[in-house]
$ cat protein-v5.cif   # mmCIF, C-alpha atoms, pLDDT in the B column; chains and numbers go by the auth columns
data_entry
loop_
_atom_site.group_PDB
_atom_site.id
_atom_site.type_symbol
_atom_site.label_atom_id
_atom_site.label_comp_id
_atom_site.label_asym_id
_atom_site.label_seq_id
_atom_site.Cartn_x
_atom_site.Cartn_y
_atom_site.Cartn_z
_atom_site.B_iso_or_equiv
_atom_site.auth_seq_id
_atom_site.auth_asym_id
ATOM 1 C CA ALA A 1 -19.188 33.992 -24.151 73.00 1 A
ATOM 2 C CA LYS A 2 -19.067 35.746 -20.764 77.00 2 A
ATOM 3 C CA GLN A 3 -21.112 38.694 -22.050 77.00 3 A
ATOM 4 C CA ALA A 4 -23.614 36.448 -23.849 76.00 4 A
ATOM 5 C CA SER A 5 -24.257 34.339 -20.736 75.00 5 A
ATOM 6 C CA HIS A 6 -25.371 37.497 -18.888 76.00 6 A
ATOM 7 C CA ASN A 7 -27.216 39.036 -21.841 79.00 7 A
ATOM 8 C CA PRO A 8 -28.412 36.636 -24.598 78.00 8 A
ATOM 9 C CA SER A 9 -29.110 39.525 -26.996 81.00 9 A
ATOM 10 C CA TRP A 10 -25.544 40.849 -26.721 82.00 10 A
ATOM 11 C CA VAL A 11 -23.640 41.522 -29.966 83.00 11 A
ATOM 12 C CA GLY A 12 -19.943 42.498 -30.071 81.00 12 A
ATOM 13 C CA THR A 13 -17.743 43.949 -32.788 81.00 13 A
ATOM 14 C CA THR A 14 -14.014 44.283 -33.357 79.00 14 A
ATOM 15 C CA GLN A 15 -11.552 44.543 -36.216 75.00 15 A
ATOM 16 C CA ILE A 16 -9.120 41.864 -37.337 75.00 16 A
ATOM 17 C CA PHE A 17 -6.160 41.898 -39.690 68.00 17 A
ATOM 18 C CA THR A 18 -6.077 39.267 -42.421 63.00 18 A
ATOM 19 C CA HIS A 19 -3.697 38.550 -45.271 58.00 19 A
ATOM 20 C CA LEU A 20 -6.547 39.348 -47.663 57.00 20 A
ATOM 21 C CA ALA A 21 -6.509 43.119 -47.112 58.00 21 A
ATOM 22 C CA ASP A 22 -4.162 45.903 -46.050 58.00 22 A
ATOM 23 C CA GLU A 23 -6.803 47.425 -43.781 65.00 23 A
ATOM 24 C CA PRO A 24 -8.441 45.783 -40.747 68.00 24 A
ATOM 25 C CA THR A 25 -11.730 44.008 -41.400 74.00 25 A
ATOM 26 C CA PRO A 26 -14.668 44.746 -39.088 77.00 26 A
ATOM 27 C CA VAL A 27 -16.383 41.677 -37.643 79.00 27 A
ATOM 28 C CA SER A 28 -19.502 41.257 -35.552 82.00 28 A
ATOM 29 C CA MET A 29 -20.050 38.383 -33.110 84.00 29 A
ATOM 30 C CA ARG A 30 -23.533 37.220 -32.123 85.00 30 A
ATOM 31 C CA PRO A 31 -24.062 34.344 -29.637 87.00 31 A
ATOM 32 C CA VAL A 32 -26.080 31.304 -30.742 87.00 32 A
ATOM 33 C CA PHE A 33 -28.230 29.501 -28.162 86.00 33 A
ATOM 34 C CA LEU A 34 -29.950 26.103 -28.255 85.00 34 A
ATOM 35 C CA SER A 35 -32.376 25.241 -25.452 84.00 35 A
ATOM 36 C CA GLY A 36 -31.011 28.134 -23.418 81.00 36 A
ATOM 37 C CA ASN A 37 -27.374 26.970 -23.731 84.00 37 A
ATOM 38 C CA LEU A 38 -24.653 28.854 -25.607 84.00 38 A
ATOM 39 C CA VAL A 39 -23.604 26.538 -28.464 87.00 39 A
ATOM 40 C CA GLY A 40 -21.539 28.859 -30.625 86.00 40 A
ATOM 41 C CA THR A 41 -20.958 32.260 -32.097 85.00 41 A
ATOM 42 C CA LEU A 42 -22.046 33.607 -35.460 85.00 42 A
ATOM 43 C CA VAL A 43 -19.287 35.780 -36.927 83.00 43 A
ATOM 44 C CA SER A 44 -20.229 38.305 -39.612 81.00 44 A
ATOM 45 C CA PHE A 45 -17.477 39.979 -41.616 74.00 45 A
ATOM 46 C CA GLY A 46 -17.963 43.612 -42.560 69.00 46 A
ATOM 47 C CA ALA A 47 -20.582 44.182 -39.831 58.00 47 A
ATOM 48 C CA THR A 48 -20.053 46.830 -37.156 61.00 48 A
ATOM 49 C CA GLU A 49 -23.148 46.552 -34.967 60.00 49 A
ATOM 50 C CA GLY A 50 -22.919 45.925 -31.227 55.00 50 A
ATOM 51 C CA GLU A 51 -20.496 46.608 -28.379 53.00 51 A
ATOM 52 C CA GLN A 52 -16.980 47.528 -29.509 53.00 52 A
ATOM 53 C CA LEU A 53 -14.342 45.013 -28.342 52.00 53 A
ATOM 54 C CA PRO A 54 -10.557 45.528 -28.314 54.00 54 A
ATOM 55 C CA HIS A 55 -8.885 45.116 -31.700 47.00 55 A
ATOM 56 C CA ALA A 56 -7.356 41.705 -32.356 46.00 56 A
ATOM 57 C CA ASP A 57 -3.556 41.873 -32.179 46.00 57 A
ATOM 58 C CA SER A 58 -1.653 40.621 -35.193 42.00 58 A
ATOM 59 C CA GLY A 59 1.296 39.312 -33.208 43.00 59 A
ATOM 60 C CA GLY A 60 3.344 42.404 -32.502 42.00 60 A
ATOM 61 C CA GLY A 61 1.311 44.830 -34.535 43.00 61 A
ATOM 62 C CA THR A 62 3.579 44.821 -37.581 42.00 62 A
ATOM 63 C CA GLY A 63 3.157 41.505 -39.373 41.00 63 A
ATOM 64 C CA HIS A 64 -0.204 42.067 -41.004 43.00 64 A
ATOM 65 C CA GLN A 65 0.272 45.755 -41.497 41.00 65 A
ATOM 66 C CA GLN A 66 3.218 45.003 -43.739 45.00 66 A
ATOM 67 C CA GLY A 67 1.317 42.289 -45.641 47.00 67 A
ATOM 68 C CA ARG A 68 2.881 39.353 -43.806 50.00 68 A
ATOM 69 C CA THR A 69 1.282 36.871 -41.488 58.00 69 A
ATOM 70 C CA PRO A 70 3.122 36.150 -38.227 73.00 70 A
ATOM 71 C CA ARG A 71 2.775 32.382 -38.684 81.00 71 A
ATOM 72 C CA ILE A 72 2.891 29.933 -41.519 86.00 72 A
ATOM 73 C CA VAL A 73 -0.061 27.565 -41.730 87.00 73 A
ATOM 74 C CA ALA A 74 0.436 23.928 -42.709 89.00 74 A
ATOM 75 C CA THR A 75 -1.939 20.973 -42.735 88.00 75 A
ATOM 76 C CA ARG A 76 -1.591 17.525 -41.227 88.00 76 A
ATOM 77 C CA GLU A 77 -4.513 15.198 -41.969 85.00 77 A
ATOM 78 C CA ASN A 78 -7.573 17.276 -41.012 84.00 78 A
ATOM 79 C CA ARG A 79 -5.714 19.722 -38.734 85.00 79 A
ATOM 80 C CA MET A 80 -4.109 23.089 -39.302 87.00 80 A
ATOM 81 C CA VAL A 81 -0.599 23.358 -37.885 87.00 81 A
ATOM 82 C CA LEU A 82 0.473 26.886 -36.951 88.00 82 A
ATOM 83 C CA LEU A 83 4.224 27.231 -37.395 88.00 83 A
ATOM 84 C CA ARG A 84 6.476 30.018 -36.226 88.00 84 A
ATOM 85 C CA ARG A 85 8.677 31.289 -39.051 87.00 85 A
ATOM 86 C CA PRO A 86 11.934 29.894 -37.578 89.00 86 A
ATOM 87 C CA GLU A 87 10.409 26.380 -37.594 90.00 87 A
ATOM 88 C CA VAL A 88 10.281 26.381 -41.406 91.00 88 A
ATOM 89 C CA SER A 89 13.521 25.675 -43.248 91.00 89 A
ATOM 90 C CA PHE A 90 12.189 25.981 -46.799 93.00 90 A
ATOM 91 C CA ALA A 91 9.109 25.539 -48.978 91.00 91 A
ATOM 92 C CA GLU A 92 9.090 23.437 -52.128 92.00 92 A
ATOM 93 C CA SER A 93 6.549 23.375 -54.923 90.00 93 A
ATOM 94 C CA GLU A 94 5.659 19.931 -56.300 89.00 94 A
ATOM 95 C CA GLY A 95 2.984 20.027 -58.958 85.00 95 A
ATOM 96 C CA ASN A 96 -0.063 21.713 -57.427 84.00 96 A
ATOM 97 C CA ASP A 97 1.162 21.308 -53.835 88.00 97 A
ATOM 98 C CA VAL A 98 3.514 23.325 -51.654 90.00 98 A
ATOM 99 C CA TRP A 99 5.450 21.353 -49.056 91.00 99 A
ATOM 100 C CA LEU A 100 7.179 22.831 -46.034 92.00 100 A
ATOM 101 C CA SER A 101 10.355 21.359 -44.609 91.00 101 A
ATOM 102 C CA THR A 102 9.882 21.993 -40.882 90.00 102 A
ATOM 103 C CA ASP A 103 11.267 20.949 -37.527 88.00 103 A
ATOM 104 C CA GLN A 104 8.208 18.649 -37.321 86.00 104 A
ATOM 105 C CA GLY A 105 8.983 17.009 -40.661 89.00 105 A
ATOM 106 C CA ARG A 106 7.502 17.618 -44.074 91.00 106 A
ATOM 107 C CA LEU A 107 4.057 19.253 -44.002 91.00 107 A
ATOM 108 C CA ARG A 108 1.718 20.443 -46.731 90.00 108 A
ATOM 109 C CA ALA A 109 1.370 24.233 -46.762 89.00 109 A
ATOM 110 C CA ALA A 110 -2.126 25.635 -46.461 85.00 110 A
ATOM 111 C CA SER A 111 -1.029 28.361 -48.879 79.00 111 A
ATOM 112 C CA GLY A 112 -2.213 27.500 -52.368 77.00 112 A
ATOM 113 C CA SER A 113 0.958 28.483 -54.183 83.00 113 A
ATOM 114 C CA LEU A 114 4.621 29.248 -53.690 82.00 114 A
ATOM 115 C CA ASP A 115 3.988 32.767 -55.032 83.00 115 A
ATOM 116 C CA LYS A 116 1.432 33.408 -52.287 84.00 116 A
ATOM 117 C CA LEU A 117 3.789 32.081 -49.601 81.00 117 A
ATOM 118 C CA GLU A 118 6.581 34.266 -50.966 81.00 118 A
ATOM 119 C CA ASN A 119 4.335 37.350 -50.903 79.00 119 A
ATOM 120 C CA GLU A 120 3.153 36.640 -47.353 78.00 120 A
ATOM 121 C CA GLN A 121 6.608 35.908 -45.899 80.00 121 A
ATOM 122 C CA GLY A 122 8.971 37.707 -48.299 71.00 122 A
ATOM 123 C CA GLY A 123 10.007 40.566 -46.027 72.00 123 A
ATOM 124 C CA ALA A 124 10.271 38.325 -42.961 78.00 124 A
ATOM 125 C CA GLY A 125 13.480 36.508 -43.861 83.00 125 A
ATOM 126 C CA PHE A 126 12.148 34.270 -46.640 87.00 126 A
ATOM 127 C CA LEU A 127 13.486 34.537 -50.184 89.00 127 A
ATOM 128 C CA ARG A 128 12.566 32.959 -53.514 89.00 128 A
ATOM 129 C CA VAL A 129 15.737 31.246 -54.742 90.00 129 A
ATOM 130 C CA HIS A 130 14.353 29.037 -57.507 92.00 130 A
ATOM 131 C CA ARG A 131 11.038 28.619 -59.308 90.00 131 A
ATOM 132 C CA ARG A 132 10.366 25.650 -56.987 93.00 132 A
ATOM 133 C CA TYR A 133 11.880 26.940 -53.695 93.00 133 A
ATOM 134 C CA VAL A 134 11.449 29.655 -51.086 91.00 134 A
ATOM 135 C CA VAL A 135 13.984 29.445 -48.244 92.00 135 A
ATOM 136 C CA ASN A 136 14.237 30.814 -44.730 91.00 136 A
ATOM 137 C CA LEU A 137 17.489 32.801 -44.901 91.00 137 A
ATOM 138 C CA GLY A 138 18.110 32.190 -41.200 90.00 138 A
ATOM 139 C CA ARG A 139 18.170 28.425 -41.770 90.00 139 A
ATOM 140 C CA ILE A 140 20.955 28.361 -44.397 93.00 140 A
ATOM 141 C CA ARG A 141 24.059 26.635 -42.996 93.00 141 A
ATOM 142 C CA GLU A 142 26.375 26.648 -46.032 92.00 142 A
ATOM 143 C CA VAL A 143 26.544 27.885 -49.610 92.00 143 A
ATOM 144 C CA GLU A 144 28.180 25.518 -52.065 91.00 144 A
ATOM 145 C CA ARG A 145 29.591 26.860 -55.307 90.00 145 A
ATOM 146 C CA ARG A 146 29.807 24.655 -58.325 87.00 146 A
ATOM 147 C CA PHE A 147 31.153 25.233 -61.813 84.00 147 A
ATOM 148 C CA LYS A 148 29.700 27.994 -63.996 80.00 148 A
ATOM 149 C CA GLY A 149 28.595 29.910 -60.894 79.00 149 A
ATOM 150 C CA GLU A 150 25.924 27.435 -59.827 86.00 150 A
ATOM 151 C CA LEU A 151 24.941 27.831 -56.160 90.00 151 A
ATOM 152 C CA LEU A 152 23.432 25.299 -53.770 91.00 152 A
ATOM 153 C CA LEU A 153 22.176 26.214 -50.324 93.00 153 A
ATOM 154 C CA VAL A 154 22.792 23.664 -47.577 93.00 154 A
ATOM 155 C CA MET A 155 19.976 23.978 -45.065 92.00 155 A
ATOM 156 C CA ASP A 156 20.324 23.359 -41.334 89.00 156 A
ATOM 157 C CA ASP A 157 17.762 20.543 -41.207 86.00 157 A
ATOM 158 C CA GLU A 158 18.725 17.015 -40.113 85.00 158 A
ATOM 159 C CA ALA A 159 19.278 15.872 -43.703 87.00 159 A
ATOM 160 C CA SER A 160 21.380 18.936 -44.649 88.00 160 A
ATOM 161 C CA THR A 161 19.088 19.352 -47.645 90.00 161 A
ATOM 162 C CA MET A 162 20.645 21.060 -50.655 94.00 162 A
ATOM 163 C CA VAL A 163 18.423 23.643 -52.337 92.00 163 A
ATOM 164 C CA PRO A 164 19.398 24.848 -55.821 93.00 164 A
ATOM 165 C CA VAL A 165 19.583 28.547 -56.628 93.00 165 A
ATOM 166 C CA SER A 166 18.557 29.569 -60.121 90.00 166 A
ATOM 167 C CA ARG A 167 20.894 31.839 -62.071 88.00 167 A
ATOM 168 C CA ARG A 168 18.299 34.605 -62.159 88.00 168 A
ATOM 169 C CA ASN A 169 18.049 34.563 -58.325 87.00 169 A
ATOM 170 C CA ALA A 170 21.768 34.136 -57.558 88.00 170 A
ATOM 171 C CA ALA A 171 22.437 37.872 -57.221 87.00 171 A
ATOM 172 C CA ALA A 172 19.529 38.336 -54.829 87.00 172 A
ATOM 173 C CA VAL A 173 20.781 35.421 -52.716 89.00 173 A
ATOM 174 C CA ARG A 174 24.305 36.878 -52.594 88.00 174 A
ATOM 175 C CA ARG A 175 22.895 40.263 -51.529 87.00 175 A
ATOM 176 C CA ALA A 176 20.614 38.739 -48.891 87.00 176 A
ATOM 177 C CA LEU A 177 23.469 36.658 -47.422 88.00 177 A
ATOM 178 C CA ASP A 178 26.002 39.470 -47.852 86.00 178 A
ATOM 179 C CA ILE A 179 28.441 37.241 -49.752 85.00 179 A
#
$ encode --input "protein-v5.cif" --output "structure tokens"
Amino acid sequence: AKQASHNPSWVGTTQIFTHLADEPTPVSMRPVFLSGNLVGTLVSFGATEGEQLPHADSGGGTGHQQGRTPRIVATRENRMVLLRRPEVSFAESEGNDVWLSTDQGRLRAASGSLDKLENEQGGAGFLRVHRRYVVNLGRIREVERRFKGELLLVMDDEASTMVPVSRRNAAAVRRALDI
């Protein structure tokens, strides 16, 4: 905006990391004017024309490069809520929706599926423990054993929610928790 106010024909470019690709995506930004006033910016993906701007940081430089996003996106009414990973206790699939149990309450995940959420956050302390659940390993308070080796994870939320562990994921949970 500062550059465009001095030079209305200015065009800038940079590269951003997204969860859609392993490599940075080039973007071009062109100011949009109405009656001589800057009213917005037209962003073109894949374009590299114009002045080179600093690369957008992905939150520490490692999150996107390893295929993970540094935040988890949820929705509340018509807003996107950007959550830090520690704010999310677990994710639960219900029909076609994914719900996040967070410090702010239960929020709908912007991610379309539990598989996608698992892929985005898998190496960042989140683990698939059941076909319907992905948990934040750092938010597990207790592990309850029941007969026939059944495991339940007691989360550290206000309700001490119990998340079941499927038999096929029990070994991975034991390894991840070092139990």
$ resolve_selection --input "protein-v5.cif" --expression "the PyMOL selection byres ((chain A and resi 85) around 12)" --output "ChimeraX atom specification"
/A:63,68-74,82-84,86-91,100-103,117,120-126,135-139
$ residues_around --input "protein-v5.cif" --residues "region 152-169 of chain A" --least-positions-apart "6" --cutoff "7 Å" --atoms "all atoms listed in the file" --output "tab-separated table (two decimals) with C-alpha atoms, in the coordinates of the input"
chain	number	residue	atom	x	y	z
A	89	SER	CA	13.52	25.68	-43.25
A	129	VAL	CA	15.74	31.25	-54.74
A	130	HIS	CA	14.35	29.04	-57.51
A	139	ARG	CA	18.17	28.42	-41.77
A	140	ILE	CA	20.96	28.36	-44.40
A	141	ARG	CA	24.06	26.64	-43.00
A	142	GLU	CA	26.38	26.65	-46.03
A	143	VAL	CA	26.54	27.88	-49.61
A	144	GLU	CA	28.18	25.52	-52.06
A	145	ARG	CA	29.59	26.86	-55.31
$ closest_residue --input "protein-v5.cif" --among "A:Ala171, A:Leu107, A:Val11, A:Val39" --to "Ser93 (chain A)" --atoms "only C-alpha atoms"
A:Leu107
$ atom_distance --input "protein-v5.cif" --atom1 "CA of Glu150 (chain A)" --atom2 "CA of Lys116 (chain A)"
26.3 Å
$ closest_residue --input "protein-v5.cif" --among "A:Asn37, A:Val98, A:Arg79, A:Leu127" --to "Ser113 (chain A)" --atoms "all atoms listed in the file"
A:Val98
$ atom_distance --input "protein-v5.cif" --atom1 "CA of Ala176 (chain A)" --atom2 "CA of Arg131 (chain A)"
17.4 Å
$ atom_distance --input "protein-v5.cif" --atom1 "CA of Pro26 (chain A)" --atom2 "CA of Glu118 (chain A)"
26.5 Å
$ closest_residue --input "protein-v5.cif" --among "A:Lys2, A:Arg132, A:Arg76, A:Lys148" --to "Ala110 (chain A)" --atoms "only C-alpha atoms"
A:Arg76
$ closest_residue --input "protein-v5.cif" --among "A:Met80, A:Phe45, A:Asp115, A:Ala1" --to "Thr25 (chain A)" --atoms "only C-alpha atoms"
A:Phe45
$ closest_residue --input "protein-v5.cif" --among "A:Gly112, A:Gly12, A:Gly105, A:Gly149" --to "Ser28 (chain A)" --atoms "all atoms listed in the file"
A:Gly12
$ closest_residue --input "protein-v5.cif" --among "A:Ala109, A:Asn78, A:Ile16, A:Val173" --to "Glu92 (chain A)" --atoms "all atoms listed in the file"
A:Ala109
$ decode --input "protein-v5.cif" --residues "region 78-98 of chain A" --atoms "N, CA and C atoms" --output "PDB file, in the first residue's frame"
ATOM      1  N   ASN A  78     -19.286 -16.673  10.393  1.00  0.00           N
ATOM      2  CA  ASN A  78     -18.661 -16.351   9.112  1.00  0.00           C
ATOM      3  C   ASN A  78     -17.212 -15.908   9.282  1.00  0.00           C
ATOM      4  N   ARG A  79     -16.567 -16.314  10.387  1.00  0.00           N
ATOM      5  CA  ARG A  79     -15.184 -15.933  10.650  1.00  0.00           C
ATOM      6  C   ARG A  79     -14.280 -17.156  10.681  1.00  0.00           C
ATOM      7  N   MET A  80     -13.020 -16.924  10.306  1.00  0.00           N
ATOM      8  CA  MET A  80     -12.003 -17.952  10.462  1.00  0.00           C
ATOM      9  C   MET A  80     -11.286 -17.691  11.778  1.00  0.00           C
ATOM     10  N   VAL A  81     -11.126 -18.722  12.571  1.00  0.00           N
ATOM     11  CA  VAL A  81     -10.426 -18.623  13.847  1.00  0.00           C
ATOM     12  C   VAL A  81      -9.084 -19.326  13.674  1.00  0.00           C
ATOM     13  N   LEU A  82      -8.001 -18.599  13.912  1.00  0.00           N
ATOM     14  CA  LEU A  82      -6.660 -19.155  13.770  1.00  0.00           C
ATOM     15  C   LEU A  82      -6.184 -19.613  15.139  1.00  0.00           C
ATOM     16  N   LEU A  83      -6.010 -20.919  15.279  1.00  0.00           N
ATOM     17  CA  LEU A  83      -5.655 -21.514  16.566  1.00  0.00           C
ATOM     18  C   LEU A  83      -4.207 -21.961  16.569  1.00  0.00           C
ATOM     19  N   ARG A  84      -3.529 -21.708  17.668  1.00  0.00           N
ATOM     20  CA  ARG A  84      -2.197 -22.293  17.845  1.00  0.00           C
ATOM     21  C   ARG A  84      -2.408 -23.770  18.176  1.00  0.00           C
ATOM     22  N   ARG A  85      -1.458 -24.594  17.813  1.00  0.00           N
ATOM     23  CA  ARG A  85      -1.606 -26.042  18.028  1.00  0.00           C
ATOM     24  C   ARG A  85      -1.934 -26.399  19.474  1.00  0.00           C
ATOM     25  N   PRO A  86      -1.262 -25.788  20.477  1.00  0.00           N
ATOM     26  CA  PRO A  86      -1.561 -26.177  21.862  1.00  0.00           C
ATOM     27  C   PRO A  86      -2.993 -25.859  22.307  1.00  0.00           C
ATOM     28  N   GLU A  87      -3.697 -24.992  21.577  1.00  0.00           N
ATOM     29  CA  GLU A  87      -5.075 -24.653  21.934  1.00  0.00           C
ATOM     30  C   GLU A  87      -6.060 -25.763  21.581  1.00  0.00           C
ATOM     31  N   VAL A  88      -5.642 -26.696  20.734  1.00  0.00           N
ATOM     32  CA  VAL A  88      -6.529 -27.760  20.268  1.00  0.00           C
ATOM     33  C   VAL A  88      -6.229 -29.035  21.038  1.00  0.00           C
ATOM     34  N   SER A  89      -7.256 -29.563  21.700  1.00  0.00           N
ATOM     35  CA  SER A  89      -7.109 -30.795  22.469  1.00  0.00           C
ATOM     36  C   SER A  89      -7.231 -32.020  21.552  1.00  0.00           C
ATOM     37  N   PHE A  90      -8.291 -32.044  20.750  1.00  0.00           N
ATOM     38  CA  PHE A  90      -8.468 -33.137  19.795  1.00  0.00           C
ATOM     39  C   PHE A  90      -9.438 -32.710  18.707  1.00  0.00           C
ATOM     40  N   ALA A  91      -9.456 -33.479  17.629  1.00  0.00           N
ATOM     41  CA  ALA A  91     -10.387 -33.283  16.521  1.00  0.00           C
ATOM     42  C   ALA A  91     -11.239 -34.535  16.398  1.00  0.00           C
ATOM     43  N   GLU A  92     -12.514 -34.324  16.135  1.00  0.00           N
ATOM     44  CA  GLU A  92     -13.458 -35.440  16.019  1.00  0.00           C
ATOM     45  C   GLU A  92     -14.251 -35.313  14.730  1.00  0.00           C
ATOM     46  N   SER A  93     -14.360 -36.413  14.021  1.00  0.00           N
ATOM     47  CA  SER A  93     -15.143 -36.456  12.794  1.00  0.00           C
ATOM     48  C   SER A  93     -16.575 -36.874  13.133  1.00  0.00           C
ATOM     49  N   GLU A  94     -17.534 -36.074  12.659  1.00  0.00           N
ATOM     50  CA  GLU A  94     -18.957 -36.403  12.808  1.00  0.00           C
ATOM     51  C   GLU A  94     -19.613 -36.242  11.454  1.00  0.00           C
ATOM     52  N   GLY A  95     -19.901 -37.337  10.811  1.00  0.00           N
ATOM     53  CA  GLY A  95     -20.479 -37.271   9.468  1.00  0.00           C
ATOM     54  C   GLY A  95     -19.511 -36.609   8.516  1.00  0.00           C
ATOM     55  N   ASN A  96     -19.941 -35.527   7.867  1.00  0.00           N
ATOM     56  CA  ASN A  96     -19.091 -34.805   6.925  1.00  0.00           C
ATOM     57  C   ASN A  96     -18.338 -33.651   7.569  1.00  0.00           C
ATOM     58  N   ASP A  97     -18.458 -33.472   8.868  1.00  0.00           N
ATOM     59  CA  ASP A  97     -17.829 -32.354   9.564  1.00  0.00           C
ATOM     60  C   ASP A  97     -16.715 -32.827  10.478  1.00  0.00           C
ATOM     61  N   VAL A  98     -15.728 -31.947  10.672  1.00  0.00           N
ATOM     62  CA  VAL A  98     -14.661 -32.175  11.635  1.00  0.00           C
ATOM     63  C   VAL A  98     -14.789 -31.090  12.683  1.00  0.00           C
TER      64      VAL A  98
END
